[in-house]
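Visitor: Right, I'll just put the structure down here and ask away after.
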Amino acid sequence: MTILWVPSSPEDRCLFSLLLERSIHSSNSVLEYNQNKTFSFQLIQNTTNLTANTVFILLGFSDHPELQTLLFLAFLTIYILNVAGNLIIVVLVVNDAHLNTPMYFFLGNLSCLEICYTSTTLPRLLFSLLTGDKTISIHGCIMQYHFFGVLASTECYLLAMMSYDRYLAICKPLRYSSLMNSTVCISLITFSWVSGLLNVSIITSLLWKLMFCGPNTMEHFFCDITPVLKLSCSDTHLVELVNFIFASINTLPPFLLTLISYVNIIITILQMQTKASRQKAFSTCSSHLTVVMLFYGSLICAYVLPETSTLKGLHTTFSLFYTVFTPMLNPLIYSLRNRAVKAAFLRTATKIVNVVRTLP
């Protein structure tokens with residue numbers, strides 16, 4: 001069988017690239033380029049009709065069908081705790097005057113971000129576990145990656161800003177009020193959100209230009225950029241290069257700022273004269289340091305470790321940790337290890353109880 005074909009449209013070029021790849025790896029097919037600029041694709045055996053994909057299949061946890069109901073209940077509980085815990089932090093920061101400081105202003109923004117962060121992935125996972133429908137449209141997949149990428153990048157910057165805030169509070173206490181005023185706080189928050197949005201938007205604009213044909217199954221529970229690029233039959237070298245550049249920009253400078261801040265904080269704490277002053281200084285940053293270690297630790301395990309056959313199954317676990325478990329643990333870490341948050345919670349709870357008692 002011989003097919004004469006001039007690929008002109010993007011869809012045709014997509015299908016041709018896949019045919020070309022199959023011809024290279026198949027001994028039963030021959031691809032020739034004729035002088036009249038047509039391609040002669042000769043198949044000795046029958047081939048399957050190829051069409052451009054419109055949906056992806058997120059396999060997620062489909063290898064454990066007997067656990068679908070249990071997984072649904074577990075992730076639903078985690079999602080409710082995540083939203084409720086972070087929402088409580090936001091309400092406390094907004095309503096309690098004792099928390100009107102730069103540290104808790106950043107904490108309120110982090111909690112708001114965490115609610116949005118998990119809401120980009122968990123609702124779709126819950127729907128898949130409940131109904132068994134694991135398909136997602138390509139447009140929906142790219143949009144999910146866009147929001148996820150923006151929020152993940154913003155969190156890297158936001159954690160760095162919180163580290164810088166703790167550095168100023170501990171290492172430069174006399175100048176803290178002037179260096180970290182309301183204008184600076186708003187500027188840092190704006191920079192964090194805008195940086196994450198602009199960088200990821202450029203990558204997303206390149207994803208819209210890709211074509212997808214052939215395999216459409218993704219061994220993940222959400223649309224991350226690496227598995228998405230693996231399913232494209234277009235040339236992805238530009239997207240991979242841009243993604244590497246912006247991923248480096250979004251992670252390395254914030255990580256280095258966080259690292260430098262805490263190195264200086266630790267040095268300053270060790271130089272303090274009394275044990276009480278050291279404990280007080282460390283207590284103000286220990287919660288944030290725990291969150292930073294959990295976030296970057298799981299992020300490194302998910303993206304830096306090589307995807308070997310041994311670690312392949314663990315990549316989903318690491319992804320779960322920084323997308324699901326860490327946002328859920330943040331309110332617990334800040335509330336259990338922070339006296340001001342616990343005191344604000346008790347004051348707010350007392351006010352609510354008093355209001356309820358006054359109702360007829």
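Here's how to read the names in the structure tokens: chain A, B, ... by the order shown, residue numbers from 1 in each chain, ligand numbers from 1 in the order shown.
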If we count only C-alpha atoms and set the cut-off at 10 Å, which residues sit around Tyr303 in chain A, ignoring sequence neighbours fewer than 4 positions away in its own chain? Please answer as JSON, numbers by chain.

Guide: {"A": [226, 298, 299, 307, 315, 318, 319]}

Visitor: Could the residues in this selection be written to a file with C-alpha atoms, as a PDB file, in the first residue's frame?

Guide:
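Final output, saved to result_0.pdb:
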```pdb
ATOM      1  CA  THR A 226       6.742  16.534  31.881  1.00  0.00           C
ATOM      2  CA  SER A 298       9.334  16.829  48.237  1.00  0.00           C
ATOM      3  CA  LEU A 299       9.875  19.127  45.220  1.00  0.00           C
ATOM      4  CA  GLU A 307      13.061   8.621  36.770  1.00  0.00           C
ATOM      5  CA  HIS A 315       7.372  10.006  41.776  1.00  0.00           C
ATOM      6  CA  PHE A 318       6.481  12.655  46.039  1.00  0.00           C
ATOM      7  CA  SER A 319       4.061  14.674  43.884  1.00  0.00           C
TER       8      SER A 319
END
```

Visitor: Where in range 56-297 of chain A does DSSP assign alpha helix (DSSP H), given as an MDAnalysis selection string?

Guide: chainID A and resid 68:95 102:119 122:131 138:171 176:179 182:207 225:230 237:270 275:283 286:297

Visitor: Show which residues sit within 12 Å of range 349-355 of chain A, as a list of chain:residue names. Count only C-alpha atoms, and ignore same-chain residues fewer than 3 positions away.

Guide: A:Ile88, A:Val91, A:Leu92, A:Asn95, A:Asp96, A:Lys342, A:Ala343, A:Ala344, A:Phe345, A:Leu346, A:Thr358, A:Leu359, A:Pro360

Visitor: Would you mind telling me which residue in A:Leu197, A:Val341, A:Ile78, A:Cys141 lies nearest to Glu155 in chain A when using only C-alpha atoms?

Guide: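 Of A:Leu197, A:Val341, A:Ile78, A:Cys141, the one nearest Glu155 in chain A is A:Leu197, counting only C-alpha atoms.
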
Visitor: Which of these, A:Tyr176, A:Phe212, A:Phe127, A:Phe147, has the shortest distance to Leu58 in chain A once you count only C-alpha atoms?

Guide: A:Phe127

Visitor: Which residue out of A:Met328, A:Phe106, A:Val228, A:Arg347 has the minimum interatomic distance to Ile80 in chain A when only C-alpha atoms are used?

Guide: A:Met328

Visitor: Skip Leu206 in chain A itself and residues of its chain fewer than 5 positions away, then list as number ranges by chain all residues within 10 Å of it, counting only C-alpha atoms.

Guide: A: 201, 236, 238-240, 242-243

Visitor: What does the file look like for those residues with C-alpha atoms, as a compact mmCIF listing (two decimals), in the first residue's frame?

Guide:
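This is the output file result14.txt:
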```txt
# COMPACT_ATOMS: atom_id res chain seq x y z
CA SER A 201 2.03 32.02 31.08
CA THR A 236 9.10 19.99 22.10
CA LEU A 238 11.77 24.83 22.57
CA VAL A 239 9.17 24.17 25.25
CA GLU A 240 11.60 22.04 27.24
CA VAL A 242 11.93 27.55 28.06
CA ASN A 243 10.53 25.40 30.85
```

Visitor: Which polymer residues have any atom within 12 Å of an atom of Leu168 in chain A, counting only C-alpha atoms, with same-chain residues fewer than 4 positions away left out, as a VMD selection string?

Guide: chain A and resid 102 to 103 161 to 164 172 to 181 261 to 262 264 to 265 268 281 284 to 285

Visitor: Produce a file of the selected residues containing C-alpha atoms, as a compact mmCIF listing (two decimals), in the first residue's frame.

Guide:
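Everything below was put into again_36.txt:
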```
# COMPACT_ATOMS: atom_id res chain seq x y z
CA PRO A 102 4.19 41.37 58.24
CA MET A 103 4.84 37.78 59.34
CA MET A 161 9.81 36.44 51.14
CA MET A 162 8.76 34.90 54.45
CA SER A 163 12.38 33.80 55.06
CA TYR A 164 13.61 37.32 54.31
CA LYS A 172 18.07 43.48 62.20
CA PRO A 173 15.40 43.95 64.90
CA LEU A 174 15.97 47.68 65.40
CA ARG A 175 15.38 48.44 61.72
CA TYR A 176 12.69 45.82 61.16
CA SER A 177 9.70 48.19 61.29
CA SER A 178 11.21 50.55 58.72
CA LEU A 179 12.57 47.85 56.42
CA MET A 180 9.42 45.72 56.41
CA ASN A 181 6.61 48.28 56.30
CA SER A 261 18.42 34.01 55.16
CA TYR A 262 18.39 30.97 57.43
CA ASN A 264 22.33 34.25 58.80
CA ILE A 265 19.45 33.56 61.21
CA THR A 268 22.69 35.27 64.81
CA ALA A 281 14.23 33.78 68.35
CA THR A 284 9.54 32.67 65.62
CA CYS A 285 11.01 30.95 62.55
```
